[in-house]
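Next comes protein_18.txt, with compact mmCIF, C-alpha atoms.
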# COMPACT_ATOMS: atom_id res chain seq x y z
CA MET F 125 95.24 53.33 114.78
CA LEU F 126 96.80 55.77 117.20
CA GLN F 127 94.12 58.28 116.33
CA ARG F 128 91.46 55.73 117.22
CA VAL F 129 93.02 55.16 120.61
CA PHE F 130 93.28 58.89 121.15
CA ALA F 131 89.63 59.39 120.20
CA TRP F 132 88.44 56.72 122.61
CA ALA F 133 90.66 57.99 125.39
CA LEU F 134 89.21 61.46 124.88
CA PHE F 135 85.67 60.10 124.89
CA CYS F 136 86.25 58.31 128.16
CA ALA F 137 87.97 61.30 129.71
CA MET F 138 85.12 63.59 128.75
CA ALA F 139 82.52 61.12 129.99
CA VAL F 140 84.26 60.83 133.34
CA ALA F 141 84.66 64.62 133.50
CA LEU F 142 80.94 65.13 132.86
CA ALA F 143 80.06 62.53 135.45
CA GLY F 144 82.40 64.26 137.86
CA VAL F 145 80.92 67.69 137.20
CA PHE F 146 77.29 66.68 137.49
CA LEU F 147 77.39 63.81 139.96
CA TYR F 148 80.54 63.83 142.07
CA ALA F 149 81.18 67.53 142.60
CA PRO F 150 79.27 68.90 145.55
CA ARG F 151 76.51 71.45 145.19
CA GLU F 152 77.78 74.94 145.82
CA ARG F 153 76.38 76.51 148.97
CA THR F 154 75.21 79.89 147.73
CA MET F 155 74.99 79.57 143.95
CA GLY F 156 73.54 76.11 143.64
CA ASP F 157 73.85 73.89 140.61
CA VAL F 158 74.49 76.69 138.12
CA GLN F 159 77.97 76.99 139.62
CA ARG F 160 78.87 73.79 137.75
CA ILE F 161 79.35 75.93 134.66
CA PHE F 162 82.58 77.03 136.37
CA TYR F 163 84.30 73.75 135.47
CA PHE F 164 83.71 74.23 131.75
CA HIS F 165 84.15 78.00 131.86
CA VAL F 166 87.57 78.09 133.48
CA SER F 167 88.82 75.00 131.60
CA SER F 168 87.90 76.69 128.31
CA ALA F 169 89.72 79.84 129.40
CA TRP F 170 92.97 78.05 130.26
CA VAL F 171 92.81 76.01 127.02
CA SER F 172 92.27 79.18 124.96
CA PHE F 173 95.40 80.72 126.52
CA LEU F 174 97.31 77.56 125.62
CA ALA F 175 95.95 77.80 122.07
CA PHE F 176 97.02 81.41 121.66
CA PHE F 177 100.48 80.57 122.98
CA VAL F 178 100.71 77.86 120.32
CA VAL F 179 99.69 80.49 117.72
CA CYS F 180 102.67 82.60 118.75
CA VAL F 181 105.03 79.62 118.66
CA GLY F 182 103.71 78.63 115.23
CA SER F 183 104.10 82.17 113.96
CA ILE F 184 107.71 82.44 115.12
CA GLY F 185 108.35 78.94 113.76
CA PHE F 186 107.06 79.91 110.33
CA LEU F 187 109.05 83.12 110.10
CA ALA F 188 112.17 81.25 111.20
CA THR F 189 111.87 78.14 109.02
CA ARG F 190 109.44 79.13 106.21
CA GLN F 191 107.91 75.67 106.41
CA PRO F 192 104.11 75.66 105.82
CA ARG F 193 103.40 73.22 108.63
CA TRP F 194 104.27 75.90 111.21
CA ASP F 195 101.70 78.17 109.59
CA HIS F 196 99.13 75.37 109.67
CA ARG F 197 99.78 74.91 113.38
CA ALA F 198 99.33 78.62 114.03
CA ALA F 199 96.13 78.84 111.99
CA ALA F 200 94.57 75.71 113.44
CA SER F 201 95.40 76.77 116.96
CA ALA F 202 93.96 80.24 116.34
CA GLU F 203 90.67 78.71 115.23
CA LEU F 204 90.55 76.54 118.33
CA GLY F 205 91.57 79.45 120.53
CA VAL F 206 88.73 81.59 119.21
CA LEU F 207 86.37 78.64 119.68
CA PHE F 208 87.30 78.10 123.32
CA CYS F 209 87.43 81.83 124.00
CA SER F 210 83.92 82.16 122.57
CA LEU F 211 82.82 79.42 124.94
CA VAL F 212 84.30 81.42 127.82
CA LEU F 213 82.45 84.56 126.72
CA ILE F 214 79.18 82.63 126.36
CA THR F 215 79.30 80.54 129.53
CA GLY F 216 80.49 83.47 131.63
CA PRO F 217 77.45 85.73 131.18
CA ILE F 218 75.10 82.76 131.55
CA TRP F 219 76.67 82.00 134.91
CA ALA F 220 76.89 85.65 135.92
CA LYS F 221 73.28 86.45 135.12
CA SER F 222 71.89 83.55 137.09
CA SER F 223 74.26 84.00 140.02
CA TRP F 224 74.73 87.75 140.37
CA ASP F 225 72.00 89.10 138.07
CA ILE F 226 74.33 90.94 135.67
CA TRP F 227 75.33 89.74 132.20
CA TRP F 228 78.67 91.48 132.14
CA THR F 229 81.04 93.68 134.07
CA TRP F 230 84.16 95.42 132.85
CA ASP F 231 86.51 93.93 135.42
CA ALA F 232 90.10 93.16 134.47
CA ARG F 233 89.68 89.48 133.61
CA LEU F 234 86.52 89.79 131.52
CA THR F 235 87.76 92.84 129.64
CA THR F 236 91.09 91.19 128.85
CA THR F 237 89.31 88.05 127.61
CA LEU F 238 87.12 90.15 125.34
CA VAL F 239 90.10 92.06 123.91
CA LEU F 240 91.96 88.76 123.46
CA TRP F 241 88.99 87.36 121.56
CA LEU F 242 88.90 90.45 119.34
CA ILE F 243 92.62 90.21 118.55
CA TYR F 244 92.33 86.63 117.35
CA VAL F 245 89.08 87.17 115.50
CA ALA F 246 90.97 89.87 113.63
CA TYR F 247 93.74 87.31 113.01
CA LEU F 248 91.23 84.89 111.47
CA MET F 249 89.64 87.66 109.39
CA LEU F 250 93.06 88.61 108.07
CA ARG F 251 93.69 85.04 107.01
CA SER F 252 90.43 84.90 105.11
CA LEU F 253 91.26 88.07 103.18
CA VAL F 254 94.66 87.08 101.79
CA ALA F 255 94.51 84.64 98.89
CA GLU F 256 98.15 83.81 98.27
CA PRO F 257 99.31 81.12 100.75
CA VAL F 258 102.84 82.34 101.44
CA LYS F 259 101.71 85.95 101.83
CA ARG F 260 98.88 84.83 104.07
CA ALA F 261 101.23 82.81 106.23
CA THR F 262 103.76 85.64 106.55
CA LEU F 263 101.22 88.35 107.37
CA SER F 264 99.37 86.19 109.89
CA ALA F 265 102.65 85.23 111.50
CA VAL F 266 103.49 88.89 112.10
CA VAL F 267 100.01 89.57 113.50
CA GLY F 268 100.19 86.39 115.58
CA ILE F 269 103.41 87.57 117.20
CA ILE F 270 102.36 91.13 117.92
CA GLY F 271 98.97 89.93 119.14
CA PHE F 272 100.47 87.56 121.67
CA VAL F 273 103.14 90.00 122.82
CA ASP F 274 100.35 92.51 123.40
CA VAL F 275 98.30 90.26 125.70
CA PRO F 276 100.28 90.81 128.93
CA ILE F 277 100.40 94.55 128.20
CA VAL F 278 96.63 94.62 127.71
CA TYR F 279 96.09 92.74 130.96
CA GLY F 280 98.48 95.02 132.86
CA ALA F 281 96.96 98.20 131.49
CA ILE F 282 93.40 97.09 132.21
CA ARG F 283 94.34 96.07 135.75
CA TRP F 284 96.00 99.47 136.29
CA TRP F 285 92.86 101.15 134.97
CA ARG F 286 90.69 99.04 137.26
CA THR F 287 92.62 100.10 140.37
CA HIS F 288 91.31 103.61 139.79
CA HIS F 289 87.83 102.59 138.69
CA PRO F 290 86.97 99.54 140.79
CA ALA F 291 84.29 97.24 139.49
CA PRO F 292 82.49 94.34 141.12
CA VAL F 293 84.84 91.37 140.98
CA ILE F 294 82.82 88.38 140.01
CA LEU F 295 85.23 85.52 140.38
CA GLY F 296 87.51 85.14 143.32
CA GLY F 297 90.59 83.02 142.82
CA GLU F 298 89.97 80.25 140.39
CA ALA F 299 91.17 77.01 141.92
CA SER F 300 92.42 78.61 145.08
CA GLY F 301 89.51 78.49 147.48
CA LEU F 302 88.04 75.27 146.20
CA GLU F 303 86.81 72.40 148.29
CA PRO F 304 88.95 69.24 147.64
CA ARG F 305 86.28 67.40 145.65
CA MET F 306 85.70 70.48 143.51
CA ARG F 307 89.41 70.88 142.95
CA LEU F 308 89.72 67.27 141.79
CA VAL F 309 86.81 67.61 139.38
CA PHE F 310 88.17 70.91 138.09
CA PHE F 311 91.63 69.61 137.30
CA PHE F 312 90.17 66.49 135.70
CA CYS F 313 87.88 68.64 133.58
CA LEU F 314 90.84 70.82 132.64
CA ALA F 315 92.79 67.73 131.55
CA ALA F 316 89.83 66.51 129.48
CA PHE F 317 89.48 69.89 127.77
CA THR F 318 93.21 70.02 127.06
CA LEU F 319 92.97 66.56 125.53
CA LEU F 320 90.04 67.80 123.45
CA TYR F 321 92.14 70.73 122.24
CA PHE F 322 94.99 68.48 121.12
CA PHE F 323 92.57 66.05 119.47
CA LEU F 324 90.87 68.86 117.51
CA LEU F 325 94.25 70.38 116.70
CA ASP F 326 95.47 67.08 115.31
CA ARG F 327 92.35 66.67 113.17
CA ARG F 328 92.53 70.26 111.93
CA LEU F 329 96.21 69.88 111.03
CA LYS F 330 95.48 66.75 109.02
CA LEU F 331 92.78 68.70 107.19
CA ALA F 332 95.18 71.57 106.51
CA HIS F 333 97.81 69.12 105.25
CA ALA F 334 95.30 67.50 102.89
CA GLN F 335 94.19 70.94 101.67
CA ASN F 336 97.80 71.88 101.07
CA GLU F 337 98.43 68.74 99.03
CA LEU F 338 95.31 69.40 96.99
CA ASP F 339 96.44 72.95 96.27
CA GLU F 340 99.83 71.64 95.20
CA LEU F 341 98.18 69.22 92.76
CA TYR F 342 96.07 72.02 91.30
CA ARG F 343 99.16 74.18 90.92
CA GLN F 344 101.06 71.41 89.17
CA ALA F 345 98.16 70.64 86.86
CA ALA F 346 97.68 74.30 85.90
CA MET S 5 120.42 104.43 110.03
CA LEU S 6 119.31 107.95 110.76
CA SER S 7 119.76 109.17 107.19
CA GLN S 8 117.59 106.40 105.75
CA THR S 9 114.84 106.99 108.29
CA TRP S 10 115.07 110.73 107.77
CA ALA S 11 114.87 110.32 103.98
CA ILE S 12 111.62 108.35 104.23
CA PHE S 13 110.23 110.84 106.71
CA ARG S 14 111.06 113.82 104.51
CA LYS S 15 109.58 112.11 101.45
CA ASP S 16 106.27 111.49 103.20
CA LEU S 17 106.25 115.01 104.61
CA ARG S 18 106.93 116.58 101.22
CA LEU S 19 104.30 114.47 99.48
CA GLU S 20 101.70 115.31 102.04
CA LEU S 21 102.46 119.01 102.22
CA ARG S 22 101.97 119.28 98.48
CA THR S 23 98.39 118.05 98.44
CA LYS S 24 97.45 118.08 102.12
CA GLU S 25 94.58 115.77 101.23
CA VAL S 26 95.19 113.23 104.00
CA LEU S 27 95.61 115.91 106.65
CA LEU S 28 92.45 117.61 105.52
CA ALA S 29 90.52 114.35 105.58
CA MET S 30 91.77 113.57 109.08
CA LEU S 31 90.83 117.01 110.31
CA VAL S 32 87.36 117.07 108.85
CA PHE S 33 86.58 113.55 109.97
CA GLY S 34 87.85 114.22 113.49
CA LEU S 35 85.75 117.36 113.63
CA LEU S 36 82.69 115.45 112.51
CA VAL S 37 83.28 112.91 115.26
CA LEU S 38 83.39 115.73 117.82
CA VAL S 39 80.20 117.25 116.48
CA ILE S 40 78.34 113.95 116.52
CA LEU S 41 79.54 113.15 120.03
CA ASN S 42 78.18 116.50 121.08
CA PHE S 43 74.72 115.06 120.55
CA ALA S 44 75.54 111.93 122.52
CA PHE S 45 76.12 113.45 125.95
CA GLU S 46 74.95 116.16 128.32
CA TRP S 47 77.74 118.69 128.25
CA THR S 48 77.56 120.53 131.56
CA ARG S 49 80.72 122.05 133.06
CA GLU S 50 81.59 119.02 135.19
CA GLU S 51 80.53 116.53 132.54
CA THR S 52 82.82 118.19 130.01
CA ARG S 53 85.85 117.69 132.23
CA ARG S 54 84.82 114.07 132.84
CA LEU S 55 84.03 113.18 129.25
CA ALA S 56 86.81 115.18 127.57
CA PRO S 57 89.59 112.56 127.68
CA GLY S 58 87.49 109.78 126.17
CA VAL S 59 85.86 111.94 123.51
CA LEU S 60 89.17 113.52 122.54
CA TRP S 61 90.87 110.18 122.10
CA ILE S 62 87.94 108.77 120.12
CA ALA S 63 88.31 111.69 117.72
CA PHE S 64 92.10 111.29 117.65
CA THR S 65 92.07 107.56 116.95
CA PHE S 66 89.37 107.74 114.27
CA ALA S 67 91.29 110.50 112.51
CA GLY S 68 94.52 108.55 113.01
CA ILE S 69 93.12 105.39 111.43
CA LEU S 70 92.17 107.44 108.40
CA GLY S 71 95.70 108.77 108.10
CA LEU S 72 97.27 105.32 108.50
CA ASN S 73 94.98 103.85 105.86
CA ARG S 74 95.93 106.46 103.32
CA SER S 75 99.66 106.32 103.95
CA PHE S 76 100.05 102.73 102.83
CA ALA S 77 97.30 102.76 100.24
CA LEU S 78 99.28 105.39 98.34
CA GLU S 79 102.47 103.34 98.59
CA LYS S 80 100.67 100.28 97.27
CA GLU S 81 99.18 102.18 94.34
CA ASN S 82 102.47 103.69 93.26
CA HIS S 83 104.63 100.65 94.05
CA GLY S 84 106.49 102.89 96.43
CA LEU S 85 107.49 100.05 98.74
CA GLU S 86 109.25 98.10 95.99
CA GLY S 87 111.04 101.27 95.04
CA MET S 88 112.19 101.87 98.58
CA LEU S 89 113.40 98.28 99.00
CA LEU S 90 115.35 98.52 95.75
CA ALA S 91 116.98 101.80 96.77
CA PRO S 92 118.32 99.88 98.79
CA LEU S 93 116.73 100.73 102.08
CA GLU S 94 116.53 98.51 105.13
CA PRO S 95 112.91 97.53 105.89
CA GLY S 96 113.40 98.40 109.53
CA TYR S 97 114.41 101.95 108.63
CA ILE S 98 111.47 102.26 106.23
CA TYR S 99 109.29 101.35 109.20
CA LEU S 100 110.90 103.97 111.43
CA GLY S 101 110.52 106.64 108.76
CA LYS S 102 106.87 105.78 108.20
CA TRP S 103 106.26 105.67 111.95
CA LEU S 104 107.71 109.16 112.30
CA SER S 105 105.71 110.61 109.44
CA SER S 106 102.38 109.11 110.51
CA THR S 107 103.01 110.31 114.08
CA VAL S 108 103.71 113.83 112.86
CA PHE S 109 100.62 113.92 110.65
CA MET S 110 98.43 112.61 113.44
CA LEU S 111 99.92 115.18 115.84
CA ILE S 112 99.16 118.02 113.43
CA ALA S 113 95.57 116.85 113.15
CA GLU S 114 95.36 116.45 116.94
CA VAL S 115 96.53 119.99 117.62
CA PHE S 116 93.71 121.29 115.45
CA LEU S 117 91.20 118.89 116.97
CA LEU S 118 92.24 119.80 120.51
CA SER S 119 91.81 123.48 119.68
CA ALA S 120 88.41 122.76 118.17
CA PHE S 121 87.45 120.85 121.29
CA VAL S 122 88.57 123.66 123.61
CA VAL S 123 86.45 126.11 121.63
CA LEU S 124 83.40 123.93 121.03
CA PHE S 125 83.16 122.51 124.52
CA ASP S 126 84.65 125.34 126.54
CA LEU S 127 87.37 123.32 128.22
CA ASN S 128 90.19 125.13 129.99
CA VAL S 129 93.51 123.40 129.33
CA GLN S 130 95.93 126.25 129.94
CA ALA S 131 97.12 125.07 133.32
CA VAL S 132 97.89 121.54 132.14
CA LEU S 133 98.87 122.24 128.54
CA ILE S 134 102.48 121.00 128.58
CA ARG S 135 101.63 117.79 130.42
CA LEU S 136 98.63 117.27 128.14
CA LEU S 137 100.77 117.64 125.04
CA LEU S 138 103.24 115.12 126.47
CA VAL S 139 100.49 112.53 126.88
CA ILE S 140 99.19 113.25 123.40
CA LEU S 141 102.70 112.88 121.97
CA LEU S 142 103.36 109.53 123.65
CA GLY S 143 99.88 108.20 122.95
CA THR S 144 100.07 109.18 119.31
CA SER S 145 103.51 107.69 118.78
CA GLY S 146 102.41 104.46 120.48
CA PHE S 147 99.27 104.29 118.35
CA CYS S 148 101.27 104.90 115.17
CA ALA S 149 104.03 102.50 116.22
CA VAL S 150 101.77 99.48 115.95
CA GLY S 151 99.44 101.19 113.46
CA THR S 152 102.19 101.56 110.88
CA LEU S 153 103.01 97.85 111.03
CA LEU S 154 99.38 96.77 110.87
CA SER S 155 98.69 99.28 108.10
CA ALA S 156 101.37 97.60 106.00
CA VAL S 157 99.79 94.24 106.84
CA SER S 158 96.25 95.26 105.92
CA ALA S 159 97.41 97.00 102.74
CA ASN S 160 98.05 93.47 101.44
CA THR S 161 94.49 92.30 102.01
CA LYS S 162 91.33 92.54 99.97
CA MET S 163 89.36 94.86 102.25
CA ARG S 164 92.23 97.00 103.41
CA GLU S 165 90.31 99.98 104.82
CA VAL S 166 88.12 97.69 106.88
CA MET S 167 90.89 95.41 108.08
CA LEU S 168 93.04 98.16 109.58
CA PRO S 169 90.72 99.31 112.41
CA ILE S 170 89.78 95.70 113.16
CA LEU S 171 93.45 94.82 113.59
CA VAL S 172 94.58 98.02 115.31
CA PHE S 173 91.96 98.78 117.96
CA PRO S 174 92.18 95.59 120.05
CA VAL S 175 95.98 95.66 119.99
CA VAL S 176 96.20 99.34 120.91
CA VAL S 177 93.90 99.11 123.97
CA PRO S 178 96.75 99.65 126.50
CA VAL S 179 97.80 102.89 124.79
CA LEU S 180 94.23 104.17 124.78
CA ILE S 181 93.64 103.25 128.41
CA ALA S 182 96.85 104.90 129.58
CA ALA S 183 96.34 108.02 127.43
CA VAL S 184 92.72 108.54 128.50
CA GLU S 185 93.50 107.96 132.17
CA SER S 186 96.45 110.35 132.15
CA CYS S 187 94.32 113.01 130.48
CA ALA S 188 91.58 112.37 133.02
CA VAL S 189 94.03 113.02 135.85
CA LEU S 190 94.98 116.33 134.25
CA PHE S 191 91.45 117.53 133.56
CA GLU S 192 89.94 116.50 136.87
CA GLY S 193 92.90 117.44 139.03
CA GLY S 194 93.67 113.97 140.31
CA GLU S 195 96.80 112.41 141.77
CA MET S 196 99.87 113.22 139.68
CA ALA S 197 101.29 109.80 140.57
CA GLU S 198 98.62 108.26 138.36
CA TYR S 199 99.59 110.61 135.56
CA TYR S 200 103.20 109.47 135.80
CA SER S 201 102.33 105.78 135.92
CA GLY S 202 100.19 106.37 132.82
CA LEU S 203 103.19 107.92 131.14
CA ARG S 204 105.29 104.92 132.12
CA ILE S 205 102.78 102.57 130.52
CA LEU S 206 102.81 104.70 127.36
CA ILE S 207 106.60 104.69 127.20
CA GLY S 208 106.66 100.92 127.74
CA CYS S 209 104.10 100.39 124.98
CA ASN S 210 106.08 102.61 122.63
CA LEU S 211 109.29 100.66 123.27
CA ILE S 212 107.69 97.24 122.84
CA TYR S 213 105.63 98.11 119.76
CA VAL S 214 108.53 99.82 117.99
CA THR S 215 110.88 96.91 118.75
CA VAL S 216 108.52 94.17 117.56
CA SER S 217 107.44 96.18 114.51
CA TYR S 218 111.03 97.05 113.58
CA LEU S 219 111.99 93.38 113.73
CA THR S 220 109.01 92.04 111.78
CA PHE S 221 108.45 94.81 109.22
CA GLY S 222 110.78 93.16 106.73
CA TYR S 223 108.55 90.09 106.58
CA VAL S 224 105.50 92.21 105.80
CA LEU S 225 107.18 93.97 102.90
CA GLU S 226 108.61 90.96 101.09
CA GLU S 227 106.98 89.78 97.89

Translate this file's structure into structure tokens.
Amino acid sequence: MLQRVFAWALFCAMAVALAGVFLYAPRERTMGDVQRIFYFHVSSAWVSFLAFFVVCVGSIGFLATRQPRWDHRAAASAELGVLFCSLVLITGPIWAKSSWDIWWTWDARLTTTLVLWLIYVAYLMLRSLVAEPVKRATLSAVVGIIGFVDVPIVYGAIRWWRTHHPAPVILGGEASGLEPRMRLVFFFCLAAFTLLYFFLLDRRLKLAHAQNELDELYRQAA
Amino acid sequence: MLSQTWAIFRKDLRLELRTKEVLLAMLVFGLLVLVILNFAFEWTREETRRLAPGVLWIAFTFAGILGLNRSFALEKENHGLEGMLLAPLEPGYIYLGKWLSSTVFMLIAEVFLLSAFVVLFDLNVQAVLIRLLLVILLGTSGFCAVGTLLSAVSANTKMREVMLPILVFPVVVPVLIAAVESCAVLFEGGEMAEYYSGLRILIGCNLIYVTVSYLTFGYVLEE
């Protein structure tokens, strides 16, 4: 019942967000309509950071309590994090190519996002290569922790590197220099995407729980 | 604490010095990387100084990954880790011992590779040798700090040789950036302030990686 309500609320939020992005938000002066990608691009980025933070919390939670549900939270959130991060890495070049005629530049933010994506893809690959559930949970928890701890170091190091080798900075501040209507649409879109993340997380956790129960039944029957 | 760490370190050293197979593999592979990269770029005098840091560290890290792979593969084959835990040895100290030994092995390989590079590409490092060796030391220990942990992790997976580089390289980006930039300052005669801030990043990475790895290594080893 609650899930139904949640699903409908999400649907409405997304619909309003889309309407906001395409109808209410003003047309950007220099870039035109393609700038509207920004709302989805930056929302996905912030949600992916949230997801990776949840991975770290889940990992610590599992190592501390040894309860499988913490591992499920970490794994589910990692999948969603990689999903949203992939969206960032896809929408970014699309926007960049049409606005500034380059697919990619190695500035601090883009490079960090790419390295972040690689760290969590490696996390997912690790999970797929360990068969035993407890071992898989333990190993991924360790990788989840060191991966997340590494993120600020990666960002700092890349920014330090970039001060000596400056590159064209594509994005200015994110929500800083926005016109009021744009800012409203952006934060609404961000809220809708965050809701989407929690909805997908909830669904994925239920799936993981069902899978876990099934595995238990198999183990008992064997 | 020191005696346990030292015992692990001496064991690895003794094992390796008997056969020298891992060191040899690291050396030959690193050399091959240098030779192949020779064909990738135009090596004029100025270009050599510019490209040297990156090419050197590519050779170092590829050789290092090889060494890390082998160190835990052997332990897995011979059930060495169970033996060490039963000794009894603290997992954290096992980590420190393994970190030390993989750093030393990688350093030995790097000394040879650096010499090969100086000869093959005619790079003059005399003036900056001490500072260069300091960067190499800190970069190598940082690489091995997180590499040792992730090597133990990937040794538990199905495709262990493939999983290690995929896990290590993204995580170790800060070490590589700082090491390459510091070397670049030395070779191209840049601002020494950048060299020192690179060293600070390397020291910071070392501290953080060793701390996190020391604390979590026990979880990786348990059955």

At a cut-off of 9 Å, using all atoms listed in the file, what residues contact range 10-13 of chain S? Leave out same-chain residues fewer than 3 positions from it and give the result as a VMD selection string.
chain S and resid 5 to 7 16 to 18 88 97 to 106

Residues within 10 Å of range 331-339 of chain F, only C-alpha atoms, excluding chain neighbours under 6 positions, as a ChimeraX atom specification
/F:192-193,195-197,199-200,257,325,345

For chain S, list the residues within 7 Å of chain F, counting only C-alpha atoms, and write the list as an NGL selection string.
:S and (157 or 161-162 or 170-171 or 174-175 or 177-178 or 181-182 or 216 or 220 or 223-224)

Which polymer residues, whether protein, DNA or RNA, lie within 12 Å of the coordinate (112.2, 97.5, 98.0) when you count only C-alpha atoms? List them as a VMD selection string, using the chain letters and numbers from the file.
chain S and resid 79 to 80 83 to 98 222 to 227

Quick one, how far is CA of Gln8 in chain S from CA of Leu142 in chain S?
23.1 Å

One decimal, Å: what's the distance from CA of Ala141 in chain F over to CA of Phe208 in chain F, could you say?
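If I compute the distance from CA of Ala141 in chain F to CA of Phe208 in chain F, I get 17.1 Å.
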